[in-house]
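A.B. asks: This structure is in C-alpha coordinates; I'll ask about it shortly.
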Amino acid sequence: MDFLRPATLAEALSLKAQRPDAVPIAGGTDVMVELNFDHRRPAALLDLTRIAELSEWDQVDGSVRIGAGVPYTRIIEELGDRLPGLAMASRTVGSPQIRNRGTVGGNLGAASPAGDAHPVLLASGATVEVASTRGTRLIPATAFYLGVKRNALEPDELIAAVRVPVTGAPQQFAKVGTRNAMVIAVCSFALALHPARGGVGAAVGSAAPTPRRAPAAEDFLSGELASSGQWESPRPLLDSVKRRFGELVAEAASPIDDVRGTAAYRKHALSVLARRALGWAWQDYSGKAA
(Lines give C-alpha, C1' and ligand atoms only; values in the text may rest on other atoms or scores of the structure.)
Protein backbone atom coordinates (compact mmCIF):
# COMPACT_ATOMS: atom_id res chain seq x y z
CA MET A 1 0.00 0.00 0.00
CA ASP A 2 1.42 3.38 -1.03
CA PHE A 3 1.23 6.32 1.37
CA LEU A 4 0.93 9.70 -0.37
CA ARG A 5 1.42 12.83 1.72
CA PRO A 6 0.86 16.11 -0.15
CA ALA A 7 1.55 19.47 1.49
CA THR A 8 -0.93 21.57 -0.52
CA LEU A 9 -4.40 21.08 -1.95
CA ALA A 10 -3.06 21.53 -5.47
CA GLU A 11 -0.57 18.73 -4.88
CA ALA A 12 -3.30 16.53 -3.40
CA LEU A 13 -5.54 17.08 -6.42
CA SER A 14 -2.68 16.27 -8.76
CA LEU A 15 -1.98 13.03 -6.90
CA LYS A 16 -5.68 12.13 -6.88
CA ALA A 17 -5.81 12.67 -10.65
CA GLN A 18 -2.82 10.36 -11.09
CA ARG A 19 -4.05 7.84 -8.53
CA PRO A 20 -7.88 7.83 -8.49
CA ASP A 21 -7.67 4.59 -6.49
CA ALA A 22 -6.04 6.45 -3.57
CA VAL A 23 -8.34 6.69 -0.53
CA PRO A 24 -8.26 10.09 1.25
CA ILE A 25 -7.55 10.02 4.97
CA ALA A 26 -7.64 12.89 7.47
CA GLY A 27 -9.10 12.04 10.87
CA GLY A 28 -9.09 8.36 9.95
CA THR A 29 -12.00 7.53 12.25
CA ASP A 30 -13.76 5.59 9.47
CA VAL A 31 -10.89 4.56 7.20
CA MET A 32 -8.70 3.10 9.94
CA VAL A 33 -11.56 0.97 11.26
CA GLU A 34 -12.04 -0.50 7.80
CA LEU A 35 -8.31 -1.14 7.45
CA ASN A 36 -7.97 -2.70 10.89
CA PHE A 37 -10.84 -5.10 10.25
CA ASP A 38 -9.58 -5.83 6.73
CA HIS A 39 -12.84 -4.59 5.23
CA ARG A 40 -10.85 -2.46 2.82
CA ARG A 41 -7.37 -2.72 1.37
CA PRO A 42 -6.78 0.22 -1.00
CA ALA A 43 -3.75 0.45 -3.26
CA ALA A 44 -2.86 3.84 -1.74
CA LEU A 45 -3.77 6.24 1.06
CA LEU A 46 -3.83 9.98 0.40
CA ASP A 47 -3.01 11.75 3.69
CA LEU A 48 -4.62 15.20 3.85
CA THR A 49 -3.53 16.20 7.35
CA ARG A 50 -0.72 18.55 6.24
CA ILE A 51 -3.00 20.69 4.04
CA ALA A 52 -3.62 23.85 6.07
CA GLU A 53 -6.42 25.23 3.90
CA LEU A 54 -8.59 22.19 4.60
CA SER A 55 -8.42 22.96 8.33
CA GLU A 56 -9.84 26.48 8.04
CA TRP A 57 -13.34 27.94 8.03
CA ASP A 58 -14.68 31.34 7.05
CA GLN A 59 -17.97 33.08 6.27
CA VAL A 60 -18.84 33.51 2.58
CA ASP A 61 -22.04 34.93 1.09
CA GLY A 62 -24.22 34.20 4.10
CA SER A 63 -22.81 30.72 4.66
CA VAL A 64 -20.02 29.25 6.74
CA ARG A 65 -17.51 27.47 4.53
CA ILE A 66 -16.05 24.65 6.63
CA GLY A 67 -12.86 23.06 5.32
CA ALA A 68 -13.03 19.29 4.96
CA GLY A 69 -10.35 18.87 7.64
CA VAL A 70 -12.01 20.92 10.40
CA PRO A 71 -12.71 18.51 13.31
CA TYR A 72 -15.97 18.24 15.19
CA THR A 73 -14.45 19.73 18.34
CA ARG A 74 -13.79 23.01 16.55
CA ILE A 75 -17.30 23.09 15.10
CA ILE A 76 -18.68 22.77 18.63
CA GLU A 77 -16.36 25.39 20.12
CA GLU A 78 -16.13 27.91 17.27
CA LEU A 79 -19.35 27.59 15.27
CA GLY A 80 -22.02 26.66 17.79
CA ASP A 81 -23.57 30.14 17.69
CA ARG A 82 -23.71 30.27 13.87
CA LEU A 83 -24.57 26.63 13.13
CA PRO A 84 -26.44 25.30 16.18
CA GLY A 85 -27.77 22.17 14.48
CA LEU A 86 -24.37 21.06 13.24
CA ALA A 87 -22.86 21.74 16.66
CA MET A 88 -25.57 19.61 18.31
CA ALA A 89 -24.88 16.74 15.92
CA SER A 90 -21.13 17.11 16.46
CA ARG A 91 -21.57 16.69 20.21
CA THR A 92 -23.13 13.27 19.67
CA VAL A 93 -20.23 11.92 17.57
CA GLY A 94 -18.23 9.17 19.25
CA SER A 95 -15.96 10.14 22.12
CA PRO A 96 -13.82 13.23 22.79
CA GLN A 97 -10.93 11.51 21.00
CA ILE A 98 -13.04 10.86 17.91
CA ARG A 99 -14.45 14.38 17.93
CA ASN A 100 -10.90 15.72 18.06
CA ARG A 101 -9.98 13.74 14.93
CA GLY A 102 -13.19 13.19 12.98
CA THR A 103 -14.40 15.71 10.37
CA VAL A 104 -17.58 16.56 8.50
CA GLY A 105 -15.57 16.07 5.30
CA GLY A 106 -14.84 12.50 6.37
CA ASN A 107 -18.50 11.96 7.26
CA LEU A 108 -19.45 13.07 3.76
CA GLY A 109 -16.77 10.92 2.14
CA ALA A 110 -17.95 7.82 3.98
CA ALA A 111 -21.59 8.61 3.07
CA SER A 112 -22.92 6.22 5.70
CA PRO A 113 -26.71 6.45 6.13
CA ALA A 114 -26.03 6.72 9.88
CA GLY A 115 -23.58 9.63 9.71
CA ASP A 116 -24.57 12.18 12.33
CA ALA A 117 -23.81 15.29 10.27
CA HIS A 118 -25.90 14.32 7.25
CA PRO A 119 -29.45 15.14 8.43
CA VAL A 120 -28.33 18.60 9.60
CA LEU A 121 -26.65 19.35 6.27
CA LEU A 122 -29.82 18.34 4.42
CA ALA A 123 -32.18 20.27 6.69
CA SER A 124 -30.06 23.42 6.59
CA GLY A 125 -29.63 23.42 2.80
CA ALA A 126 -25.88 22.84 2.77
CA THR A 127 -23.73 22.53 -0.34
CA VAL A 128 -20.67 20.30 -0.74
CA GLU A 129 -17.66 21.89 -2.45
CA VAL A 130 -15.59 19.35 -4.36
CA ALA A 131 -12.37 19.96 -6.28
CA SER A 132 -10.14 18.32 -8.86
CA THR A 133 -7.48 19.41 -11.30
CA ARG A 134 -10.40 20.16 -13.64
CA GLY A 135 -11.83 22.78 -11.28
CA THR A 136 -14.32 23.18 -8.45
CA ARG A 137 -18.02 22.36 -8.39
CA LEU A 138 -20.79 22.74 -5.82
CA ILE A 139 -23.13 19.81 -5.13
CA PRO A 140 -26.31 20.38 -3.09
CA ALA A 141 -26.40 18.01 -0.14
CA THR A 142 -29.68 16.66 -1.51
CA ALA A 143 -27.80 15.39 -4.60
CA PHE A 144 -24.66 14.17 -2.84
CA TYR A 145 -25.87 10.87 -1.35
CA LEU A 146 -26.39 8.23 -4.05
CA GLY A 147 -26.71 5.01 -2.03
CA VAL A 148 -25.34 3.11 0.94
CA LYS A 149 -21.82 4.51 1.37
CA ARG A 150 -21.95 5.97 -2.15
CA ASN A 151 -21.60 9.65 -2.97
CA ALA A 152 -21.49 11.92 -6.01
CA LEU A 153 -17.69 12.34 -6.12
CA GLU A 154 -15.91 11.58 -9.37
CA PRO A 155 -12.83 9.32 -9.03
CA ASP A 156 -10.41 12.27 -9.32
CA GLU A 157 -12.27 14.59 -6.91
CA LEU A 158 -11.75 15.46 -3.26
CA ILE A 159 -14.11 17.14 -0.82
CA ALA A 160 -12.69 20.60 -0.19
CA ALA A 161 -15.37 22.06 2.08
CA VAL A 162 -19.03 22.16 2.99
CA ARG A 163 -21.00 25.40 2.88
CA VAL A 164 -23.76 25.72 5.47
CA PRO A 165 -26.16 28.71 5.40
CA VAL A 166 -26.33 30.88 8.50
CA THR A 167 -29.97 31.72 9.22
CA GLY A 168 -29.87 32.91 12.83
CA ALA A 169 -32.96 30.74 13.39
CA PRO A 170 -33.39 27.73 15.71
CA GLN A 171 -32.21 24.29 14.67
CA GLN A 172 -32.40 20.92 16.39
CA PHE A 173 -30.76 17.52 16.11
CA ALA A 174 -31.67 14.37 17.99
CA LYS A 175 -30.82 10.71 17.67
CA VAL A 176 -31.67 7.40 19.30
CA GLY A 177 -28.92 4.93 20.15
CA THR A 178 -28.50 1.77 22.14
CA ARG A 179 -26.49 3.69 24.73
CA ASN A 180 -25.66 7.32 25.52
CA ALA A 181 -22.24 7.60 23.88
CA MET A 182 -19.92 5.91 21.37
CA VAL A 183 -22.90 4.62 19.42
CA ILE A 184 -24.10 4.41 15.84
CA ALA A 185 -27.53 5.97 15.54
CA VAL A 186 -30.55 3.69 15.41
CA CYS A 187 -32.18 6.70 13.76
CA SER A 188 -31.66 10.46 13.80
CA PHE A 189 -33.53 13.62 12.89
CA ALA A 190 -32.64 17.23 12.14
CA LEU A 191 -34.86 20.29 11.92
CA ALA A 192 -34.00 23.79 10.68
CA LEU A 193 -36.36 26.75 10.64
CA HIS A 194 -35.97 29.18 7.73
CA PRO A 195 -38.21 32.14 8.65
CA ALA A 196 -36.69 34.47 6.04
CA ARG A 197 -38.24 32.36 3.29
CA GLY A 198 -41.07 30.92 5.37
CA GLY A 199 -39.69 27.41 5.08
CA VAL A 200 -38.72 24.41 7.16
CA GLY A 201 -35.97 21.83 6.64
CA ALA A 202 -36.43 18.32 8.03
CA ALA A 203 -34.25 15.27 7.41
CA VAL A 204 -33.77 11.75 8.75
CA GLY A 205 -30.68 9.59 9.17
CA SER A 206 -30.06 5.88 9.68
CA ALA A 207 -33.59 5.16 8.43
CA ALA A 208 -33.14 4.67 4.66
CA PRO A 209 -30.41 3.67 2.18
CA THR A 210 -29.27 7.30 2.29
CA PRO A 211 -29.88 10.25 4.60
CA ARG A 212 -32.93 12.00 3.19
CA ARG A 213 -35.21 14.98 3.61
CA ALA A 214 -38.86 14.68 4.56
CA PRO A 215 -40.49 16.96 1.95
CA ALA A 216 -44.11 16.18 2.84
CA ALA A 217 -43.42 17.08 6.48
CA GLU A 218 -41.61 20.25 5.42
CA ASP A 219 -44.49 21.35 3.17
CA PHE A 220 -47.11 20.56 5.81
CA LEU A 221 -45.42 22.55 8.56
CA SER A 222 -44.50 25.46 6.28
CA GLY A 223 -48.12 25.68 5.16
CA GLU A 224 -49.46 25.54 8.71
CA LEU A 225 -47.10 28.26 9.92
CA ALA A 226 -47.85 30.51 6.94
CA SER A 227 -51.63 30.11 7.00
CA SER A 228 -51.83 30.87 10.72
CA GLY A 229 -49.44 33.83 10.60
CA GLN A 230 -47.12 32.11 13.05
CA TRP A 231 -43.88 33.35 11.52
CA GLU A 232 -44.83 36.95 12.33
CA SER A 233 -46.74 36.29 15.56
CA PRO A 234 -45.61 32.96 16.97
CA ARG A 235 -47.93 31.12 19.35
CA PRO A 236 -47.76 27.64 20.87
CA LEU A 237 -48.25 24.98 18.21
CA LEU A 238 -51.27 22.73 18.41
CA ASP A 239 -50.52 19.19 19.51
CA SER A 240 -52.28 17.98 16.36
CA VAL A 241 -49.80 19.92 14.21
CA LYS A 242 -46.78 18.50 16.01
CA ARG A 243 -48.23 15.00 15.88
CA ARG A 244 -48.98 15.18 12.15
CA PHE A 245 -45.53 16.57 11.48
CA GLY A 246 -44.02 13.59 13.30
CA GLU A 247 -46.17 11.16 11.32
CA LEU A 248 -45.04 12.67 8.01
CA VAL A 249 -41.39 12.53 9.05
CA ALA A 250 -41.78 8.83 9.85
CA GLU A 251 -43.48 8.24 6.50
CA ALA A 252 -40.43 9.69 4.71
CA ALA A 253 -38.24 6.90 6.09
CA SER A 254 -37.76 3.44 4.59
CA PRO A 255 -35.80 1.68 7.33
CA ILE A 256 -34.71 -1.94 7.70
CA ASP A 257 -34.55 -4.42 10.57
CA ASP A 258 -30.99 -4.89 11.81
CA VAL A 259 -29.04 -5.55 14.99
CA ARG A 260 -29.61 -2.01 16.26
CA GLY A 261 -33.39 -1.87 15.83
CA THR A 262 -36.42 -2.87 13.83
CA ALA A 263 -37.94 -0.87 11.01
CA ALA A 264 -41.12 -0.38 13.03
CA TYR A 265 -39.17 0.96 16.02
CA ARG A 266 -37.22 3.36 13.81
CA LYS A 267 -40.42 4.80 12.35
CA HIS A 268 -41.96 5.21 15.79
CA ALA A 269 -38.79 6.79 17.18
CA LEU A 270 -38.57 9.24 14.27
CA SER A 271 -42.12 10.44 14.84
CA VAL A 272 -41.30 11.07 18.51
CA LEU A 273 -37.97 12.77 17.74
CA ALA A 274 -39.57 15.02 15.12
CA ARG A 275 -42.42 16.02 17.42
CA ARG A 276 -40.05 16.84 20.27
CA ALA A 277 -37.52 18.65 18.07
CA LEU A 278 -40.27 20.80 16.62
CA GLY A 279 -41.47 21.68 20.11
CA TRP A 280 -37.97 22.69 21.22
CA ALA A 281 -37.21 24.69 18.07
CA TRP A 282 -40.54 26.50 18.11
CA GLN A 283 -40.21 27.37 21.78
CA ASP A 284 -36.80 28.87 21.00
CA TYR A 285 -38.19 30.79 18.02
CA SER A 286 -41.13 32.12 20.04
CA GLY A 287 -38.81 33.22 22.81
CA LYS A 288 -36.59 35.14 20.40
CA ALA A 289 -39.59 36.76 18.76
CA ALA A 290 -40.95 37.85 22.14
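Numbering starts fresh at 1 for the residues of each chain in the C-alpha coordinates, the chains themselves are lettered A, B, ... in the order given, and ligands are numbered from 1 as they appear.
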Excluding Ala264 (chain A) and any residue of its chain fewer than 2 positions from it, enumerate the residues within 12 Å of it, using only C-alpha atoms, and give them as a list in words.
C.D. replies: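 Skipping anything fewer than 2 positions along the chain leaves Val186, Cys187, Ala207, Ala250, Glu251, Ala253, Ser254, Pro255, Ile256, Asp257, Asp258, Gly261, Thr262, Arg266, Lys267, His268, Ala269, Leu270 and Ser271 of chain A.
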A.B. asks: Pick out the residues sitting within 8 Å of Thr103 (chain A), and hand them over as number ranges by chain; count only C-alpha atoms, and ignore anything fewer than 5 positions along from it in its own chain.
C.D. replies: A: 26-27, 68-72
A.B. asks: Between A:Pro236, A:Gly67, A:Pro211, A:Gly177, which has the minimum distance to Ala143 (chain A) (counting only C-alpha atoms)?
C.D. replies: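 Among the listed residues, A:Pro211 lies closest to Ala143 (chain A).
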A.B. asks: So, with only C-alpha atoms as the atoms that count, which of A:Ala141, A:Ala44, A:Gly102, A:Ala190 lies closest to Leu86 (chain A)?
C.D. replies: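 Using only C-alpha atoms, the shortest distance to Leu86 (chain A) belongs to A:Ala190.
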A.B. asks: Could you give me the residues within region 177-255 of chain A that DSSP places in helix (DSSP H, G or I), as a PyMOL selection string?
C.D. replies: chain A and resi 195-197+215-227+239-252
A.B. asks: Considering only strand (DSSP E) as DSSP defines it on the backbone, what residues of region 63-162 of chain A qualify? List them as a list in words.
C.D. replies: Ser63, Val64, Arg65, Ile66, Gly67, Thr127, Val128, Glu129, Val130, Ala131, Ser132, Gly135, Thr136, Arg137, Leu138, Ile139, Pro140, Tyr145, Leu146, Gly147, Arg150, Asn151, Leu158, Ile159, Ala160, Ala161 and Val162 of chain A
